[in-house]
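Asks: Coordinates in input_32.cif, mmCIF, C-alpha atoms, are listed below.
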```
data_protein
loop_
_atom_site.label_atom_id
_atom_site.label_comp_id
_atom_site.auth_asym_id
_atom_site.auth_seq_id
_atom_site.Cartn_x
_atom_site.Cartn_y
_atom_site.Cartn_z
CA MET W 1 108.53 -30.37 8.73
CA GLU W 2 108.24 -26.65 9.15
CA ALA W 3 106.21 -26.39 5.97
CA ILE W 4 103.59 -28.82 7.29
CA SER W 5 103.32 -27.00 10.58
CA HIS W 6 102.73 -23.71 8.88
CA ARG W 7 99.89 -25.18 6.81
CA ASP W 8 98.35 -26.68 9.87
CA SER W 9 98.49 -23.36 11.67
CA MET W 10 96.80 -21.57 8.85
CA SER W 11 94.07 -24.18 8.70
CA ALA W 12 93.50 -23.91 12.40
CA ILE W 13 93.21 -20.15 12.13
CA ARG W 14 90.61 -20.44 9.37
CA GLU W 15 88.57 -22.97 11.36
CA ASP W 16 88.75 -20.69 14.37
CA LYS W 17 87.47 -17.75 12.35
CA THR W 18 84.62 -19.87 10.95
CA LEU W 19 83.69 -21.04 14.42
CA LYS W 20 83.67 -17.49 15.70
CA LYS W 21 81.35 -16.47 12.83
CA HIS W 22 78.97 -19.27 13.70
CA MET W 23 79.05 -18.29 17.34
CA LEU W 24 78.36 -14.67 16.44
CA VAL W 25 75.37 -15.73 14.28
CA VAL W 26 73.96 -17.89 17.06
CA LEU W 27 74.56 -15.11 19.57
CA ALA W 28 72.78 -12.61 17.35
CA ILE W 29 69.81 -14.93 16.89
CA GLY W 30 69.59 -15.56 20.62
CA LEU W 31 69.86 -11.86 21.37
CA ALA W 32 67.07 -11.12 18.93
CA LEU W 33 64.85 -13.76 20.45
CA GLY W 34 65.52 -12.46 23.92
CA ILE W 35 64.68 -8.90 22.97
CA ALA W 36 61.46 -10.08 21.32
CA ALA W 37 60.50 -12.03 24.40
CA CYS W 38 60.99 -8.98 26.60
CA GLN W 39 58.61 -6.84 24.55
CA PRO W 40 54.95 -6.71 26.04
CA ALA W 41 52.43 -8.57 23.97
CA SER W 42 50.01 -6.29 22.17
CA ALA W 43 46.36 -6.56 23.32
CA PRO W 44 44.12 -8.25 20.80
CA THR W 45 41.69 -6.04 18.98
CA PRO W 46 38.25 -6.66 20.61
CA THR W 47 35.62 -8.02 18.31
CA PRO W 48 32.60 -5.68 18.50
CA GLU W 49 29.44 -7.30 19.72
CA PRO W 50 26.53 -7.22 17.25
CA THR W 51 23.86 -4.60 17.98
CA PRO W 52 20.62 -6.40 18.78
CA LEU W 53 17.79 -5.77 16.32
CA ALA W 54 14.78 -3.87 17.58
CA GLN W 55 12.00 -6.36 18.34
CA PRO W 56 8.53 -5.46 17.06
CA THR W 57 5.94 -4.82 19.77
CA ALA W 58 3.53 -7.73 19.77
CA THR W 59 -0.17 -6.89 19.88
CA PRO W 60 -1.81 -8.91 22.66
CA VAL W 61 -4.41 -11.35 21.41
CA PRO W 62 -7.40 -12.00 23.70
CA VAL W 63 -7.43 -15.56 24.91
CA ALA W 64 -10.70 -17.20 25.89
CA THR W 65 -10.65 -18.44 29.44
CA ALA W 66 -11.55 -22.09 29.56
CA ALA W 67 -13.88 -23.36 32.24
CA PRO W 68 -12.06 -25.16 35.06
CA ARG W 69 -11.81 -28.86 34.46
CA GLY W 70 -14.07 -31.03 36.49
CA GLU W 71 -16.89 -28.44 36.54
CA PRO W 72 -19.64 -29.29 34.04
CA GLU W 73 -21.21 -26.48 32.11
CA THR W 74 -24.44 -25.29 33.65
CA ALA W 75 -27.31 -25.57 31.21
CA THR W 76 -29.79 -22.72 31.17
CA PRO W 77 -33.04 -24.14 32.54
CA THR W 78 -36.16 -23.82 30.46
CA VAL W 79 -38.52 -21.58 32.37
CA THR W 80 -42.23 -21.79 31.69
CA PRO W 81 -43.49 -18.21 31.47
CA PRO W 82 -46.16 -17.30 34.02
CA PRO W 83 -49.58 -16.11 32.94
CA VAL W 84 -49.61 -12.64 31.42
CA MET W 85 -50.46 -10.33 34.32
CA ARG W 86 -51.28 -6.65 34.52
CA GLY W 87 -52.41 -4.86 37.63
CA ALA W 88 -51.69 -2.67 40.63
CA ASP W 89 -51.35 -2.99 44.40
CA LEU W 90 -52.95 -0.18 46.40
CA SER W 91 -53.19 0.51 50.12
CA GLY W 92 -54.17 3.27 52.54
CA ASP W 93 -55.88 4.25 55.77
CA GLY W 94 -59.13 6.14 55.27
CA ASP W 95 -60.51 7.75 52.13
CA LYS W 96 -58.39 7.80 48.98
CA LEU W 97 -58.66 8.46 45.26
CA THR W 98 -55.83 6.74 43.36
CA ARG W 99 -53.96 7.78 40.23
CA PRO W 100 -55.45 6.69 36.86
CA LEU W 101 -54.98 3.03 35.95
CA ALA W 102 -55.19 1.58 32.42
CA PHE W 103 -57.83 -1.15 32.09
CA GLU W 104 -57.56 -3.36 29.00
CA SER W 105 -60.08 -5.78 27.56
CA GLY W 106 -60.45 -8.88 29.71
CA VAL W 107 -61.47 -9.65 33.27
CA ILE W 108 -60.18 -7.71 36.27
CA ARG W 109 -59.97 -9.51 39.58
CA MET W 110 -59.95 -7.30 42.66
CA LEU W 111 -58.79 -8.68 46.00
CA ALA W 112 -59.59 -6.36 48.91
CA THR W 113 -59.02 -6.34 52.66
CA HIS W 114 -60.35 -3.96 55.33
CA GLY W 115 -59.29 -3.68 58.95
CA GLY W 116 -61.78 -1.10 60.18
CA SER W 117 -65.18 -1.46 61.87
CA GLY W 118 -67.14 0.91 59.63
CA ASP W 119 -68.28 0.92 56.03
CA PHE W 120 -65.87 -0.16 53.27
CA LEU W 121 -66.79 1.12 49.82
CA VAL W 122 -64.68 0.66 46.65
CA GLN W 123 -65.65 2.33 43.38
CA ILE W 124 -64.15 2.36 39.88
CA VAL W 125 -64.34 5.95 38.64
CA ALA W 126 -64.42 6.72 34.90
CA PRO W 127 -62.96 9.91 33.36
CA ASP W 128 -66.45 11.40 33.09
CA GLY W 129 -66.97 10.99 36.84
CA SER W 130 -69.35 8.03 36.67
CA ALA W 131 -68.60 5.28 39.17
CA LEU W 132 -69.02 1.50 39.22
CA PRO W 133 -69.67 0.18 42.76
CA ALA W 134 -67.11 -2.63 42.85
CA LEU W 135 -67.46 -3.49 46.56
CA ASN W 136 -69.72 -2.52 49.45
CA ALA W 137 -68.99 -4.14 52.82
CA ARG W 138 -68.96 -3.32 56.51
CA GLY W 139 -66.43 -4.13 59.22
CA GLU W 140 -63.46 -6.40 58.69
CA TYR W 141 -63.40 -7.86 55.23
CA MET W 142 -61.32 -10.06 52.94
CA GLY W 143 -62.65 -11.19 49.58
CA ALA W 144 -62.45 -10.92 45.81
CA VAL W 145 -64.75 -9.68 43.06
CA ALA W 146 -64.42 -9.53 39.27
CA PHE W 147 -65.75 -7.37 36.45
CA ARG W 148 -65.63 -7.50 32.68
CA VAL W 149 -63.75 -4.95 30.58
CA SER W 150 -64.90 -4.98 26.96
CA LYS W 151 -66.32 -2.88 24.15
CA ALA W 152 -69.10 -5.44 23.83
CA GLY W 153 -72.52 -4.57 25.17
CA GLY W 154 -73.29 -5.63 28.71
CA ALA W 155 -69.71 -5.31 29.95
CA ASP W 156 -69.07 -3.77 33.34
CA LEU W 157 -66.46 -1.35 31.94
CA ALA W 158 -65.09 -0.28 28.59
CA PRO W 159 -61.31 -0.26 28.07
CA GLY W 160 -59.74 2.98 29.29
CA ASP W 161 -58.18 4.82 32.22
CA TYR W 162 -59.93 4.62 35.58
CA GLN W 163 -59.31 5.67 39.17
CA VAL W 164 -60.08 3.69 42.30
CA ARG W 165 -61.99 5.51 45.04
CA VAL W 166 -61.98 4.04 48.54
CA VAL W 167 -64.32 5.37 51.21
CA THR W 168 -63.65 4.07 54.72
CA THR W 169 -62.26 5.00 58.12
CA GLY W 170 -59.84 2.11 58.54
CA PRO W 171 -56.78 0.54 56.90
CA TRP W 172 -57.30 -1.26 53.62
CA THR W 173 -55.57 -2.90 50.64
CA VAL W 174 -56.77 -3.38 47.07
CA SER W 175 -54.94 -5.54 44.50
CA MET W 176 -56.15 -5.50 40.91
CA ARG W 177 -55.08 -8.10 38.33
CA GLN W 178 -55.75 -8.91 34.69
CA GLN W 179 -54.46 -12.32 33.64
CA SER W 180 -54.51 -14.62 30.63
CA TRP W 181 -54.18 -18.41 30.75
CA SER W 182 -53.64 -21.10 28.14
CA LYS W 183 -54.75 -23.98 30.39
CA GLY W 184 -57.40 -24.51 33.03
CA GLN W 185 -59.19 -27.04 35.21
CA THR W 186 -61.76 -29.10 33.32
CA PRO W 187 -64.95 -30.76 34.62
CA PRO W 188 -65.76 -32.82 36.55
CA PHE W 189 -64.92 -31.06 39.83
CA THR W 190 -66.54 -29.79 43.01
CA LEU W 191 -65.30 -26.80 45.02
CA THR W 192 -66.50 -25.30 48.30
CA ARG W 193 -65.67 -21.78 49.45
CA THR W 194 -66.97 -19.08 51.80
CA GLY W 195 -67.69 -15.47 50.92
CA SER W 196 -66.91 -13.54 47.76
CA THR W 197 -64.30 -15.34 45.65
CA VAL W 198 -63.04 -15.56 42.06
CA LEU W 199 -62.08 -19.05 40.89
CA SER W 200 -59.83 -19.41 37.84
CA PRO W 201 -58.93 -20.75 35.40
CA ILE W 202 -61.66 -23.18 34.24
CA ARG W 203 -61.51 -24.63 30.73
CA LEU W 204 -64.77 -25.50 28.99
CA ASP W 205 -64.62 -27.55 25.79
CA ASP W 206 -67.31 -28.10 23.19
CA GLY W 207 -70.15 -30.22 24.50
CA ALA W 208 -72.53 -30.11 27.46
CA VAL W 209 -71.80 -29.29 31.09
CA ARG W 210 -74.06 -29.29 34.14
CA VAL W 211 -73.43 -26.56 36.72
CA THR W 212 -74.85 -26.93 40.23
CA PHE W 213 -74.49 -24.04 42.66
CA THR W 214 -75.53 -24.40 46.29
CA HIS W 215 -75.61 -21.45 48.70
CA LYS W 216 -75.87 -21.80 52.49
CA GLY W 217 -75.67 -18.12 53.50
CA ASP W 218 -78.52 -15.81 54.54
CA SER W 219 -77.89 -12.89 52.17
CA ALA W 220 -78.10 -12.43 48.42
CA PHE W 221 -75.59 -14.19 46.15
CA THR W 222 -74.59 -14.18 42.49
CA ALA W 223 -72.39 -16.60 40.56
CA ARG W 224 -71.16 -15.72 37.04
CA LEU W 225 -68.95 -17.46 34.50
CA LEU W 226 -66.74 -14.84 32.79
CA HIS W 227 -64.67 -15.60 29.68
CA GLN W 228 -61.11 -14.36 30.14
CA ASP W 229 -61.36 -12.13 27.05
CA GLY W 230 -64.19 -10.18 28.69
CA GLN W 231 -66.53 -10.79 25.74
CA ARG W 232 -68.87 -13.36 27.34
CA ALA W 233 -70.57 -13.82 30.69
CA LEU W 234 -73.34 -16.05 32.01
CA VAL W 235 -75.11 -16.14 35.39
CA VAL W 236 -75.14 -19.71 36.72
CA GLY W 237 -76.48 -19.01 40.22
CA GLN W 238 -78.49 -16.20 41.78
CA GLY W 239 -80.80 -15.79 44.72
CA SER W 240 -81.01 -14.97 48.42
CA GLY W 241 -80.56 -17.18 51.45
CA PRO W 242 -80.03 -20.94 51.35
CA SER W 243 -80.79 -22.31 47.88
CA GLU W 244 -79.62 -24.54 45.05
CA ASN W 245 -79.32 -23.59 41.38
CA GLU W 246 -78.74 -26.05 38.57
CA ARG W 247 -78.17 -25.33 34.89
CA ARG W 248 -77.29 -27.52 31.94
CA LEU W 249 -75.20 -25.56 29.44
CA THR W 250 -74.11 -26.18 25.86
CA VAL W 251 -70.58 -25.12 24.90
CA GLY W 252 -69.63 -24.64 21.26
CA THR W 253 -69.57 -22.37 18.23
CA ASP W 254 -73.24 -22.65 17.33
CA ALA W 255 -75.37 -19.56 17.74
CA SER W 256 -77.65 -21.55 20.04
CA ALA W 257 -74.79 -22.46 22.42
CA ASP W 258 -74.85 -20.90 25.86
CA LEU W 259 -71.06 -20.42 25.94
CA ALA W 260 -68.13 -20.57 23.56
CA SER W 261 -65.29 -22.91 24.44
CA GLY W 262 -62.35 -21.35 26.22
CA ILE W 263 -60.97 -20.28 29.61
CA TYR W 264 -63.43 -18.91 32.18
CA LEU W 265 -63.41 -17.46 35.69
CA LEU W 266 -66.18 -18.14 38.20
CA ALA W 267 -66.97 -14.97 40.13
CA VAL W 268 -69.12 -15.45 43.23
CA VAL W 269 -70.48 -12.65 45.43
CA ALA W 270 -71.81 -14.10 48.70
CA ASP W 271 -71.44 -13.83 52.46
CA GLY W 272 -71.84 -17.50 53.39
CA GLU W 273 -70.59 -20.91 52.41
CA TRP W 274 -71.28 -22.15 48.90
CA THR W 275 -70.45 -25.10 46.65
CA VAL W 276 -70.14 -25.35 42.87
CA SER W 277 -70.07 -28.61 40.90
CA MET W 278 -69.40 -29.01 37.18
CA THR W 279 -69.94 -32.32 35.42
CA PRO W 280 -69.98 -33.19 31.70
#
```
Produce structure tokens that represent the structure in this file.

Replies:
Amino acid sequence: MEAISHRDSMSAIREDKTLKKHMLVVLAIGLALGIAACQPASAPTPTPEPTPLAQPTATPVPVATAAPRGEPETATPTVTPPPVMRGADLSGDGDKLTRPLAFESGVIRMLATHGGSGDFLVQIVAPDGSALPALNARGEYMGAVAFRVSKAGGADLAPGDYQVRVVTTGPWTVSMRQQSWSKGQTPPFTLTRTGSTVLSPIRLDDGAVRVTFTHKGDSAFTARLLHQDGQRALVVGQGSGPSENERRLTVGTDASADLASGIYLLAVVADGEWTVSMTP
């Protein structure tokens, strides 16, 4: 009985030692875990942000501005060019000699007004001092005259530089024009005017035309057809006092023709009422 008890005691001692070892191992593990838990966590290493790439500078591209919607594009209107015109507008009070003006081949129309009560004289002065009496009136005046500029014989003036001399004691205006037309009024027609006037443009085609000029004034009168190029002129009415002139003209390229076809001006110098009729 004693022997069994001794064995049991020894076994119990060994089991107790084994248990204590296990407890020490568990205690050591727990202590290690506790110490680890008490240590501060190390901060994570920050991941560096990528450095942005330098962006190329964009060159601005011009952008066409579109027309606002709802507004139709405006079409450029076709403009018919006016007749070719060259000239000058002059004015003054009393005597005056103007600067030189360039006169080219053609017909010059001169419209003049005078507000004085005395004489009103207008002259075209050439470089050599010679003068063409363009207008001679007295008192208040408003009218128009015309003269040919051409190298052809019989012209009123040759192309060149001229001055305008005005002799008067009152206010005046003088407008000078040279024009060219491509179209004109064609016969038949009848026109009535008073005083000195220049009618234009009149187109005469090949064929025959009858011109009747009637004057009702008391003074002298002259009516001339002037081609716009200044090369041709024909008197169709001339006289003094009340009278009637009638001429039948041929228009064409024949040497026997009175006039060549083309655009003409009718220049009338008169102080009374007059009427011109043109019929084929």

Asks: Going by the chain IDs and residue numbers used in this file, which residues fall under the PyMOL selection byres ((chain W and resi 148) around 8)? Write them as a list in words.

Replies: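 After applying the PyMOL selection byres ((chain W and resi 148) around 8), what remains is Ser105, Gly106, Val107, Ile108, Ala146, Phe147, Val149, Ser150, Ala155, Asp156, Leu157, Leu226, Gly230 and Gln231 of chain W.
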
Asks: Output the residue selection produced by the PyMOL selection byres ((chain W and resi 142) around 6) on the file above, formatted as a VMD selection string.

Replies: chain W and resid 112 to 113 141 143

Asks: Can you spit out the residues from that selection as a JSON list (two decimals), in the coordinates of the input, using C-alpha atoms?

Replies:
```json
[["chain", "number", "residue", "atom", "x", "y", "z"],
["W", 112, "ALA", "CA", -59.59, -6.36, 48.91],
["W", 113, "THR", "CA", -59.02, -6.34, 52.66],
["W", 141, "TYR", "CA", -63.40, -7.86, 55.23],
["W", 143, "GLY", "CA", -62.65, -11.19, 49.58]]
```

Asks: Closest to Gly170 in chain W among W:Gln123, W:Ser196, W:Gly92, W:Gly237, using only C-alpha atoms?

Replies: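 Checking each of W:Gln123, W:Ser196, W:Gly92, W:Gly237 against Gly170 in chain W, counting only C-alpha atoms, the winner is W:Gly92.
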
Asks: In Å to one decimal, how far is CA of Asp161 in chain W from CA of His114 in chain W?

Replies: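 If I compute the distance from CA of His114 in chain W to CA of Asp161 in chain W, I get 24.8 Å.
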
Asks: Each side padded by 5 Å, which centre and which edge lengths in Å (one decimal) define the axis-aligned box around the listed atoms of range 123-136 of chain W? Give them as JSON.

Replies:
```
{"center_x": -66.3, "center_y": 4.0, "center_z": 41.3, "size_x": 16.8, "size_y": 24.9, "size_z": 26.4}
```

Asks: Any idea what's packed within 8 Å of Gln238 in chain W, counting only C-alpha atoms, ignoring anything in its chain fewer than 4 positions away? Could you give it as a PDB file with C-alpha atoms, in the frame of the given file?

Replies:
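Saved to out-v4.pdb:
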```
ATOM      1  CA  ALA W 220     -78.100 -12.430  48.420  1.00  0.00           C
ATOM      2  CA  PHE W 221     -75.590 -14.190  46.150  1.00  0.00           C
ATOM      3  CA  THR W 222     -74.590 -14.180  42.490  1.00  0.00           C
ATOM      4  CA  ALA W 223     -72.390 -16.600  40.560  1.00  0.00           C
ATOM      5  CA  ASN W 245     -79.320 -23.590  41.380  1.00  0.00           C
TER       6      ASN W 245
END
```

Asks: Measure the distance from CA of Ala270 in chain W to CA of Ser200 in chain W in Å and round it to one decimal.

Replies: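 Spanning CA of Ala270 in chain W to CA of Ser200 in chain W is a straight-line distance of 17.0 Å.
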
Asks: Write out as a PDB file with C-alpha atoms, in the frame of the given file the residues lying within 7 Å of Thr186 in chain W, counting all atoms listed in the file and excluding same-chain residues fewer than 3 positions away.

Replies:
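Saved file around_33.pdb follows:
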```
ATOM      1  CA  ILE W 202     -61.660 -23.180  34.240  1.00  0.00           C
ATOM      2  CA  ARG W 203     -61.510 -24.630  30.730  1.00  0.00           C
ATOM      3  CA  LEU W 204     -64.770 -25.500  28.990  1.00  0.00           C
TER       4      LEU W 204
END
```

Asks: Residues picked by the PyMOL selection byres ((chain W and resi 86) around 12) here, as a ChimeraX atom specification?

Replies: /W:82-85,87-89,101-110,175-180

Asks: Give me the residues within 6 Å of Val251 in chain W as a compact mmCIF listing (two decimals) with C-alpha atoms, in the frame of the given file, counting all atoms listed in the file and dropping any in the same chain fewer than 2 places off.

Replies:
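Here's the written file around.txt:
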```
# COMPACT_ATOMS: atom_id res chain seq x y z
CA ASP W 206 -67.31 -28.10 23.19
CA GLY W 207 -70.15 -30.22 24.50
CA ALA W 208 -72.53 -30.11 27.46
CA ALA W 257 -74.79 -22.46 22.42
CA LEU W 259 -71.06 -20.42 25.94
CA ALA W 260 -68.13 -20.57 23.56
CA SER W 261 -65.29 -22.91 24.44
```

Asks: Which of these, W:Arg210, W:Lys183, W:Lys216, W:Lys96, has the shortest distance to Trp274 in chain W once you count all atoms listed in the file?

Replies: W:Lys216

Asks: Report as a list in words all protein, DNA and RNA residues lying within 10 Å of Leu225 in chain W, evaluated on all atoms listed in the file, omitting residues in the same chain fewer than 3 positions from it.

Replies: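 Everything that qualifies: Val198, Leu199, Ser200, Ile202, Gln228, Arg232, Ala233, Leu234, Val235, Val236, Gly237, Leu259, Ile263, Tyr264, Leu265, Leu266, Ala267 and Val268 of chain W.
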
Asks: Of the candidates W:Gln185, W:Val276, W:Gln163, W:Ile124, which shows the shortest atom-to-atom distance to Leu97 in chain W, using only C-alpha atoms?

Replies: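 Ranked by minimum distance to Leu97 in chain W, first place goes to W:Gln163.
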
Asks: Could you check which residues have any atom within 12 Å of (-73.8, -22.0, 51.6), counting all atoms listed in the file with coordinates taken straight from the file, and then list them as an NGL selection string?

Replies: :W and (191-196 or 213-221 or 239-245 or 268-276)

Asks: What is the distance between CA of Phe189 in chain W and CA of Ala255 in chain W, in Å to one decimal?

Replies: 27.0 Å

Asks: Please return, as a PyMOL selection string, all polymer residues that have at least one atom within 7 Å of the point (-60.1, 7.5, 31.5); use all atoms listed in the file and the file's own coordinate frame.

Replies: chain W and resi 126-127+160-162

Asks: Compare W:Asp254, W:Asp205, W:Asp128, W:Asp229 by their minimum atom-to-atom distance to Thr279 in chain W, counting all atoms listed in the file, and give me the closest one.

Replies: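 Nearest to Thr279 in chain W: W:Asp205.
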